[in-house]
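Peer 1: Below is protein36.txt; it holds compact mmCIF, N, CA and C atoms and all ligand atoms.
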```txt
# COMPACT_ATOMS: atom_id res chain seq x y z
N MET A 16 20.02 -23.71 12.38
CA MET A 16 19.76 -23.60 10.94
C MET A 16 18.37 -23.03 10.70
N ARG A 17 17.40 -23.68 11.28
CA ARG A 17 16.00 -23.24 11.15
C ARG A 17 15.86 -21.79 11.61
N LEU A 18 16.45 -21.52 12.78
CA LEU A 18 16.33 -20.20 13.35
C LEU A 18 16.96 -19.17 12.42
N ALA A 19 18.09 -19.52 11.84
CA ALA A 19 18.78 -18.59 10.95
C ALA A 19 17.90 -18.25 9.75
N SER A 20 17.25 -19.23 9.16
CA SER A 20 16.44 -18.92 7.98
C SER A 20 15.20 -18.13 8.39
N LEU A 21 14.70 -18.42 9.59
CA LEU A 21 13.54 -17.66 10.05
C LEU A 21 13.92 -16.19 10.22
N LEU A 22 15.08 -15.98 10.81
CA LEU A 22 15.53 -14.60 11.02
C LEU A 22 15.72 -13.89 9.68
N LEU A 23 16.27 -14.60 8.73
CA LEU A 23 16.50 -14.03 7.40
C LEU A 23 15.16 -13.64 6.78
N LEU A 24 14.20 -14.53 6.92
CA LEU A 24 12.88 -14.29 6.35
C LEU A 24 12.26 -13.05 7.01
N LEU A 25 12.36 -12.99 8.33
CA LEU A 25 11.78 -11.85 9.04
C LEU A 25 12.44 -10.54 8.60
N THR A 26 13.73 -10.57 8.43
CA THR A 26 14.45 -9.36 8.01
C THR A 26 14.00 -8.95 6.62
N ALA A 27 13.88 -9.93 5.74
CA ALA A 27 13.51 -9.62 4.36
C ALA A 27 12.10 -9.04 4.30
N CYS A 28 11.24 -9.43 5.22
CA CYS A 28 9.86 -9.00 5.17
C CYS A 28 9.61 -7.76 6.01
N ALA A 29 10.62 -7.32 6.75
CA ALA A 29 10.39 -6.22 7.69
C ALA A 29 9.86 -5.00 6.96
N ASP A 30 8.78 -4.43 7.50
CA ASP A 30 8.24 -3.20 6.92
C ASP A 30 9.20 -2.06 7.17
N GLN A 31 9.07 -1.06 6.34
CA GLN A 31 9.75 0.19 6.60
C GLN A 31 8.99 0.85 7.75
N PRO A 32 9.68 1.43 8.74
CA PRO A 32 8.93 2.03 9.86
C PRO A 32 8.04 3.17 9.37
N LEU A 33 6.88 3.32 9.99
CA LEU A 33 5.95 4.36 9.56
C LEU A 33 6.45 5.73 10.02
N ASP A 34 6.55 6.65 9.07
CA ASP A 34 6.90 8.04 9.37
C ASP A 34 5.59 8.75 9.76
N GLU A 35 5.37 8.87 11.06
CA GLU A 35 4.09 9.38 11.56
C GLU A 35 3.78 10.78 11.04
N GLU A 36 4.82 11.61 10.95
CA GLU A 36 4.60 12.98 10.50
C GLU A 36 4.14 13.01 9.05
N LEU A 37 4.83 12.23 8.24
CA LEU A 37 4.47 12.16 6.82
C LEU A 37 3.06 11.60 6.67
N PHE A 38 2.77 10.56 7.47
CA PHE A 38 1.43 9.96 7.43
C PHE A 38 0.36 11.02 7.72
N ALA A 39 0.58 11.81 8.77
CA ALA A 39 -0.40 12.82 9.17
C ALA A 39 -0.57 13.87 8.07
N GLU A 40 0.56 14.24 7.44
CA GLU A 40 0.51 15.22 6.36
C GLU A 40 -0.35 14.71 5.20
N ILE A 41 -0.14 13.47 4.83
CA ILE A 41 -0.86 12.90 3.69
C ILE A 41 -2.32 12.67 4.05
N ALA A 42 -2.56 12.19 5.27
CA ALA A 42 -3.94 11.90 5.69
C ALA A 42 -4.78 13.17 5.73
N ALA A 43 -4.11 14.34 5.92
CA ALA A 43 -4.83 15.61 6.00
C ALA A 43 -5.20 16.14 4.61
N LEU A 44 -4.60 15.56 3.57
CA LEU A 44 -4.88 16.05 2.21
C LEU A 44 -6.23 15.54 1.74
N ASP A 45 -6.77 16.24 0.75
CA ASP A 45 -8.03 15.85 0.15
C ASP A 45 -7.70 14.96 -1.05
N GLY A 46 -7.88 13.67 -0.90
CA GLY A 46 -7.54 12.75 -1.99
C GLY A 46 -8.57 12.80 -3.10
N ASP A 47 -8.10 12.76 -4.33
CA ASP A 47 -8.97 12.78 -5.50
C ASP A 47 -9.02 11.36 -6.09
N ALA A 48 -10.14 10.66 -5.81
CA ALA A 48 -10.25 9.26 -6.22
C ALA A 48 -10.11 9.09 -7.74
N GLU A 49 -10.60 10.08 -8.49
CA GLU A 49 -10.52 9.95 -9.96
C GLU A 49 -9.07 10.01 -10.43
N ALA A 50 -8.28 10.88 -9.80
CA ALA A 50 -6.85 10.94 -10.14
C ALA A 50 -6.17 9.65 -9.71
N GLY A 51 -6.53 9.14 -8.54
CA GLY A 51 -5.93 7.90 -8.05
C GLY A 51 -6.25 6.73 -8.95
N ALA A 52 -7.45 6.75 -9.53
CA ALA A 52 -7.87 5.66 -10.41
C ALA A 52 -6.98 5.55 -11.64
N LEU A 53 -6.34 6.66 -12.01
CA LEU A 53 -5.46 6.65 -13.18
C LEU A 53 -4.10 6.04 -12.86
N VAL A 54 -3.71 6.08 -11.60
CA VAL A 54 -2.39 5.57 -11.19
C VAL A 54 -2.47 4.11 -10.76
N TYR A 55 -3.60 3.75 -10.15
CA TYR A 55 -3.76 2.42 -9.59
C TYR A 55 -3.45 1.27 -10.56
N PRO A 56 -3.97 1.29 -11.80
CA PRO A 56 -3.76 0.13 -12.67
C PRO A 56 -2.29 -0.23 -12.88
N ASP A 57 -1.44 0.77 -13.07
CA ASP A 57 -0.02 0.50 -13.33
C ASP A 57 0.74 0.14 -12.07
N SER A 58 0.36 0.73 -10.92
CA SER A 58 1.19 0.60 -9.73
C SER A 58 0.71 -0.46 -8.76
N CYS A 59 -0.56 -0.76 -8.77
CA CYS A 59 -1.11 -1.62 -7.72
C CYS A 59 -1.79 -2.88 -8.27
N ALA A 60 -2.34 -2.79 -9.49
CA ALA A 60 -3.19 -3.87 -9.97
C ALA A 60 -2.42 -5.16 -10.22
N SER A 61 -1.10 -5.07 -10.46
CA SER A 61 -0.34 -6.29 -10.72
C SER A 61 -0.43 -7.22 -9.53
N CYS A 62 -0.54 -6.68 -8.33
CA CYS A 62 -0.64 -7.53 -7.13
C CYS A 62 -2.06 -7.61 -6.59
N HIS A 63 -2.79 -6.51 -6.67
CA HIS A 63 -4.10 -6.49 -6.00
C HIS A 63 -5.26 -6.67 -6.97
N GLY A 64 -4.99 -6.73 -8.27
CA GLY A 64 -6.07 -6.89 -9.25
C GLY A 64 -6.72 -5.56 -9.58
N GLU A 65 -7.33 -5.49 -10.76
CA GLU A 65 -7.97 -4.25 -11.21
C GLU A 65 -9.05 -3.79 -10.23
N ASP A 66 -9.77 -4.74 -9.64
CA ASP A 66 -10.86 -4.37 -8.74
C ASP A 66 -10.48 -4.54 -7.27
N GLY A 67 -9.19 -4.78 -7.01
CA GLY A 67 -8.73 -4.88 -5.62
C GLY A 67 -8.89 -6.25 -4.99
N THR A 68 -9.33 -7.22 -5.78
CA THR A 68 -9.42 -8.58 -5.24
C THR A 68 -8.42 -9.45 -5.98
N GLY A 69 -7.15 -9.27 -5.62
CA GLY A 69 -6.07 -9.87 -6.38
C GLY A 69 -5.71 -11.30 -6.03
N GLY A 70 -6.62 -12.05 -5.46
CA GLY A 70 -6.34 -13.45 -5.21
C GLY A 70 -5.43 -13.67 -4.01
N HIS A 71 -4.15 -13.92 -4.25
CA HIS A 71 -3.28 -14.28 -3.12
C HIS A 71 -2.81 -13.06 -2.35
N HIS A 72 -3.11 -11.86 -2.80
CA HIS A 72 -2.77 -10.68 -2.01
C HIS A 72 -4.01 -10.16 -1.29
N GLU A 73 -3.72 -9.32 -0.33
CA GLU A 73 -4.79 -8.74 0.49
C GLU A 73 -5.89 -8.14 -0.39
N ASP A 74 -7.15 -8.42 -0.07
CA ASP A 74 -8.27 -7.78 -0.76
C ASP A 74 -8.37 -6.33 -0.31
N LEU A 75 -8.56 -5.43 -1.26
CA LEU A 75 -8.60 -4.02 -0.91
C LEU A 75 -10.00 -3.48 -0.56
N PRO A 76 -11.08 -4.04 -1.13
CA PRO A 76 -12.39 -3.52 -0.74
C PRO A 76 -12.57 -3.61 0.77
N GLY A 77 -13.01 -2.50 1.37
CA GLY A 77 -13.18 -2.47 2.82
C GLY A 77 -12.01 -1.81 3.53
N LYS A 78 -10.89 -1.64 2.82
CA LYS A 78 -9.75 -0.95 3.43
C LYS A 78 -10.02 0.55 3.44
N THR A 79 -9.60 1.21 4.50
CA THR A 79 -9.79 2.65 4.58
C THR A 79 -8.64 3.37 3.88
N ALA A 80 -8.85 4.66 3.62
CA ALA A 80 -7.79 5.48 3.01
C ALA A 80 -6.57 5.48 3.92
N ASP A 81 -6.78 5.55 5.23
CA ASP A 81 -5.65 5.56 6.16
C ASP A 81 -4.85 4.27 6.07
N GLN A 82 -5.54 3.14 5.96
CA GLN A 82 -4.82 1.87 5.81
C GLN A 82 -4.01 1.85 4.52
N ALA A 83 -4.59 2.42 3.47
CA ALA A 83 -3.88 2.44 2.19
C ALA A 83 -2.65 3.35 2.26
N ILE A 84 -2.80 4.49 2.92
CA ILE A 84 -1.65 5.39 3.06
C ILE A 84 -0.55 4.69 3.84
N GLU A 85 -0.94 4.06 4.94
CA GLU A 85 0.07 3.38 5.76
C GLU A 85 0.76 2.28 4.95
N ALA A 86 -0.02 1.54 4.17
CA ALA A 86 0.58 0.46 3.37
C ALA A 86 1.56 1.05 2.34
N MET A 87 1.18 2.15 1.71
CA MET A 87 2.07 2.73 0.70
C MET A 87 3.34 3.30 1.33
N LEU A 88 3.25 3.73 2.59
CA LEU A 88 4.43 4.29 3.26
C LEU A 88 5.34 3.23 3.85
N THR A 89 4.77 2.11 4.26
CA THR A 89 5.59 1.12 4.97
C THR A 89 5.93 -0.11 4.14
N GLY A 90 5.07 -0.46 3.17
CA GLY A 90 5.33 -1.66 2.40
C GLY A 90 5.21 -2.92 3.26
N PRO A 91 3.98 -3.27 3.68
CA PRO A 91 3.83 -4.42 4.58
C PRO A 91 4.07 -5.75 3.86
N TRP A 92 4.76 -6.66 4.50
CA TRP A 92 4.89 -8.03 4.04
C TRP A 92 5.16 -8.19 2.55
N GLY A 93 6.19 -7.55 2.09
CA GLY A 93 6.60 -7.80 0.70
C GLY A 93 5.99 -6.83 -0.29
N MET A 94 5.05 -6.02 0.15
CA MET A 94 4.56 -4.96 -0.73
C MET A 94 5.64 -3.88 -0.78
N PRO A 95 5.95 -3.35 -1.97
CA PRO A 95 6.95 -2.28 -2.00
C PRO A 95 6.39 -1.01 -1.36
N ALA A 96 7.27 -0.21 -0.76
CA ALA A 96 6.85 1.10 -0.26
C ALA A 96 6.87 2.08 -1.43
N PHE A 97 5.93 3.02 -1.41
CA PHE A 97 5.79 3.93 -2.56
C PHE A 97 6.14 5.37 -2.21
N ASP A 98 6.67 5.58 -1.00
CA ASP A 98 6.92 6.96 -0.59
C ASP A 98 7.97 7.66 -1.45
N ALA A 99 8.91 6.90 -2.01
CA ALA A 99 9.95 7.51 -2.83
C ALA A 99 9.46 7.75 -4.26
N GLN A 100 8.40 7.03 -4.62
CA GLN A 100 7.95 7.06 -6.02
C GLN A 100 6.88 8.12 -6.25
N PHE A 101 6.03 8.33 -5.25
CA PHE A 101 4.90 9.24 -5.43
C PHE A 101 5.01 10.44 -4.50
N ASP A 102 4.49 11.57 -4.94
CA ASP A 102 4.42 12.71 -4.03
C ASP A 102 3.20 12.50 -3.11
N ASN A 103 3.11 13.35 -2.09
CA ASN A 103 2.06 13.18 -1.08
C ASN A 103 0.66 13.19 -1.68
N GLN A 104 0.42 14.12 -2.62
CA GLN A 104 -0.91 14.23 -3.19
C GLN A 104 -1.28 12.95 -3.94
N THR A 105 -0.32 12.38 -4.66
CA THR A 105 -0.61 11.15 -5.42
C THR A 105 -0.96 10.01 -4.46
N ILE A 106 -0.25 9.91 -3.35
CA ILE A 106 -0.55 8.86 -2.37
C ILE A 106 -1.96 9.07 -1.81
N ALA A 107 -2.31 10.33 -1.53
CA ALA A 107 -3.66 10.63 -1.03
C ALA A 107 -4.71 10.28 -2.08
N ASP A 108 -4.41 10.56 -3.35
CA ASP A 108 -5.35 10.27 -4.44
C ASP A 108 -5.58 8.75 -4.55
N ILE A 109 -4.50 7.99 -4.53
CA ILE A 109 -4.63 6.53 -4.64
C ILE A 109 -5.42 5.99 -3.44
N ALA A 110 -5.12 6.53 -2.26
CA ALA A 110 -5.82 6.06 -1.05
C ALA A 110 -7.31 6.34 -1.17
N ALA A 111 -7.66 7.51 -1.72
CA ALA A 111 -9.08 7.85 -1.90
C ALA A 111 -9.72 6.87 -2.88
N PHE A 112 -8.96 6.48 -3.90
CA PHE A 112 -9.49 5.52 -4.86
C PHE A 112 -9.69 4.15 -4.22
N VAL A 113 -8.71 3.71 -3.41
CA VAL A 113 -8.81 2.41 -2.73
C VAL A 113 -10.11 2.34 -1.92
N GLU A 114 -10.47 3.47 -1.33
CA GLU A 114 -11.68 3.48 -0.50
C GLU A 114 -12.95 3.27 -1.34
N THR A 115 -12.87 3.54 -2.64
CA THR A 115 -14.05 3.37 -3.48
C THR A 115 -14.20 1.94 -3.99
N LEU A 116 -13.18 1.10 -3.74
CA LEU A 116 -13.22 -0.26 -4.30
C LEU A 116 -14.25 -1.14 -3.58
C1 LIG B 201 4.41 -6.43 -5.39
C2 LIG B 201 3.03 -6.59 -4.97
C3 LIG B 201 2.26 -5.40 -4.46
C4 LIG B 201 2.08 -4.18 -5.07
C5 LIG B 201 2.64 -3.68 -6.40
C6 LIG B 201 1.19 -3.44 -4.20
N1 LIG B 201 0.86 -4.19 -3.11
FE1 LIG B 201 -0.39 -3.63 -1.58
N2 LIG B 201 0.03 -5.34 -0.60
C7 LIG B 201 0.86 -6.34 -1.04
C8 LIG B 201 1.04 -7.31 0.02
C9 LIG B 201 1.90 -8.55 -0.07
C10 LIG B 201 0.29 -6.84 1.11
C11 LIG B 201 0.19 -7.44 2.50
C12 LIG B 201 -0.88 -8.40 2.61
C13 LIG B 201 -1.21 -8.60 4.03
O1 LIG B 201 -1.20 -7.61 4.82
O2 LIG B 201 -1.53 -9.73 4.35
C14 LIG B 201 -0.36 -5.63 0.69
C15 LIG B 201 -1.24 -4.92 1.48
C16 LIG B 201 -1.92 -3.79 1.07
C17 LIG B 201 -2.97 -3.12 1.81
C18 LIG B 201 -3.56 -3.60 3.13
C19 LIG B 201 -2.88 -3.00 4.31
C20 LIG B 201 -3.64 -3.33 5.58
O3 LIG B 201 -3.57 -2.52 6.51
O4 LIG B 201 -4.29 -4.36 5.65
C21 LIG B 201 -3.35 -2.05 1.09
C22 LIG B 201 -4.44 -1.05 1.46
C23 LIG B 201 -2.54 -2.02 -0.12
N3 LIG B 201 -1.69 -3.11 -0.10
C24 LIG B 201 -2.61 -1.07 -1.10
C25 LIG B 201 -1.77 -1.01 -2.22
C26 LIG B 201 -1.75 0.10 -3.16
C27 LIG B 201 -2.66 1.31 -3.07
C28 LIG B 201 -0.80 -0.19 -4.09
C29 LIG B 201 -0.34 0.66 -5.25
C30 LIG B 201 0.19 1.98 -4.91
C31 LIG B 201 -0.23 -1.49 -3.74
N4 LIG B 201 -0.85 -1.95 -2.60
C32 LIG B 201 0.74 -2.16 -4.47
C33 LIG B 201 1.44 -6.42 -2.30
C34 LIG B 201 1.51 -5.39 -3.22
```
Give the structure from this file in structure tokens form.
Ligand code: HEC

Peer 2:
Amino acid sequence: MRLASLLLLLTACADQPLDEELFAEIAALDGDAEAGALVYPDSCASCHGEDGTGGHHEDLPGKTADQAIEAMLTGPWGMPAFDAQFDNQTIADIAAFVETL
């Protein structure tokens, strides 16, 4: 019983595998932090807070742009993946903004 619920939990939390090629493509782009700042409040602040210190979710200050890109592509631990929602440039812009937090 215990094992079954643990397995269920693990499955529900499983990240989407990282698409290395897509990651490299986005990481090579020049992110525009000002453009990212316009998207962040609606898409990220509900969980991470306006300033990136969202309490029970991971604090964003100190995270690198690469970490932010990876998080947006994989959706770690219950965070939604954003690869279907944003184009590559938008992901790079948000990542550049995260680095300024
Ligand atoms: C539904 C809630 C939710 C939303 C919306 C959300 N996140 Fe997250 N985020 C999480 C959770 C949960 C984690 C995992 C915390 C952990 O790693 O312990 C996380 C982790 C992260 C991390 C840390 C990854 C690492 O390597 O440590 C970054 C960076 C991040 N999110 C950025 C973003 C950005 C940028 C957005 C908006 C595009 C966003 N998040 C939207 C819940 C959310």

Peer 1: Residues of chain A that approach ligand LIG 201 (chain B) to 7 Å or less, counting all atoms listed in the file: could you list each one with the shortest pair of atoms and its distance in Å to one decimal, rows by chain and increasing residue number, as a Markdown table?

Peer 2:
```
| residue | atom | partner | partner_atom | distance |
| --- | --- | --- | --- | --- |
| A:Val54 | C | B:LIG201 | C30 | 6.8 |
| A:Tyr55 | CA | B:LIG201 | C29 | 5.8 |
| A:Asp57 | C | B:LIG201 | C29 | 6.9 |
| A:Ser58 | C | B:LIG201 | C29 | 3.8 |
| A:Cys59 | CA | B:LIG201 | C29 | 3.4 |
| A:Ala60 | N | B:LIG201 | C29 | 5.8 |
| A:Ser61 | C | B:LIG201 | C5 | 5.6 |
| A:Cys62 | CA | B:LIG201 | C2 | 4.4 |
| A:His63 | N | B:LIG201 | C6 | 5.6 |
| A:His71 | C | B:LIG201 | C9 | 6.9 |
| A:His72 | C | B:LIG201 | C12 | 5.3 |
| A:Glu73 | N | B:LIG201 | C12 | 4.2 |
| A:Asp74 | C | B:LIG201 | C18 | 6.5 |
| A:Leu75 | CA | B:LIG201 | C22 | 5.6 |
| A:Lys78 | CA | B:LIG201 | C22 | 5.7 |
| A:Thr79 | N | B:LIG201 | C22 | 6.4 |
| A:Asp81 | C | B:LIG201 | O3 | 6.9 |
| A:Gln82 | C | B:LIG201 | C22 | 4.2 |
| A:Ala83 | CA | B:LIG201 | C22 | 3.6 |
| A:Ile84 | N | B:LIG201 | C22 | 6.0 |
| A:Glu85 | C | B:LIG201 | C19 | 6.4 |
| A:Ala86 | CA | B:LIG201 | C19 | 5.0 |
| A:Met87 | N | B:LIG201 | C24 | 5.7 |
| A:Gly90 | C | B:LIG201 | C10 | 6.6 |
| A:Pro91 | C | B:LIG201 | C11 | 4.4 |
| A:Trp92 | C | B:LIG201 | C9 | 4.2 |
| A:Gly93 | C | B:LIG201 | C9 | 4.4 |
| A:Met94 | CA | B:LIG201 | C33 | 3.8 |
| A:Pro95 | N | B:LIG201 | C1 | 4.9 |
| A:Phe97 | CA | B:LIG201 | C30 | 6.4 |
| A:Ile109 | C | B:LIG201 | C27 | 5.4 |
| A:Ala110 | N | B:LIG201 | C27 | 5.8 |
| A:Val113 | CA | B:LIG201 | C27 | 6.3 |
```

Peer 1: Using only C-alpha atoms, find the one residue out of A:Ala80, A:Ala39, A:Pro56, A:Glu49 that sits nearest to Ala107 (chain A).

Peer 2: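 That would be A:Ala80, the residue with the smallest distance to Ala107 (chain A).
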
Peer 1: Just how far from atom C of Gly69 (chain A) is atom C of Leu37 (chain A), in Å to one decimal?

Peer 2: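 Taking atom C of Leu37 (chain A) as the start and atom C of Gly69 (chain A) as the end point, the length is 27.6 Å.
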
Peer 1: Could you please determine the separation between atom N of Ile41 (chain A) and atom N of Gly67 (chain A) in Å, to one decimal place?

Peer 2: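 Straight-line distance from atom N of Ile41 (chain A) to atom N of Gly67 (chain A) works out to 23.6 Å.
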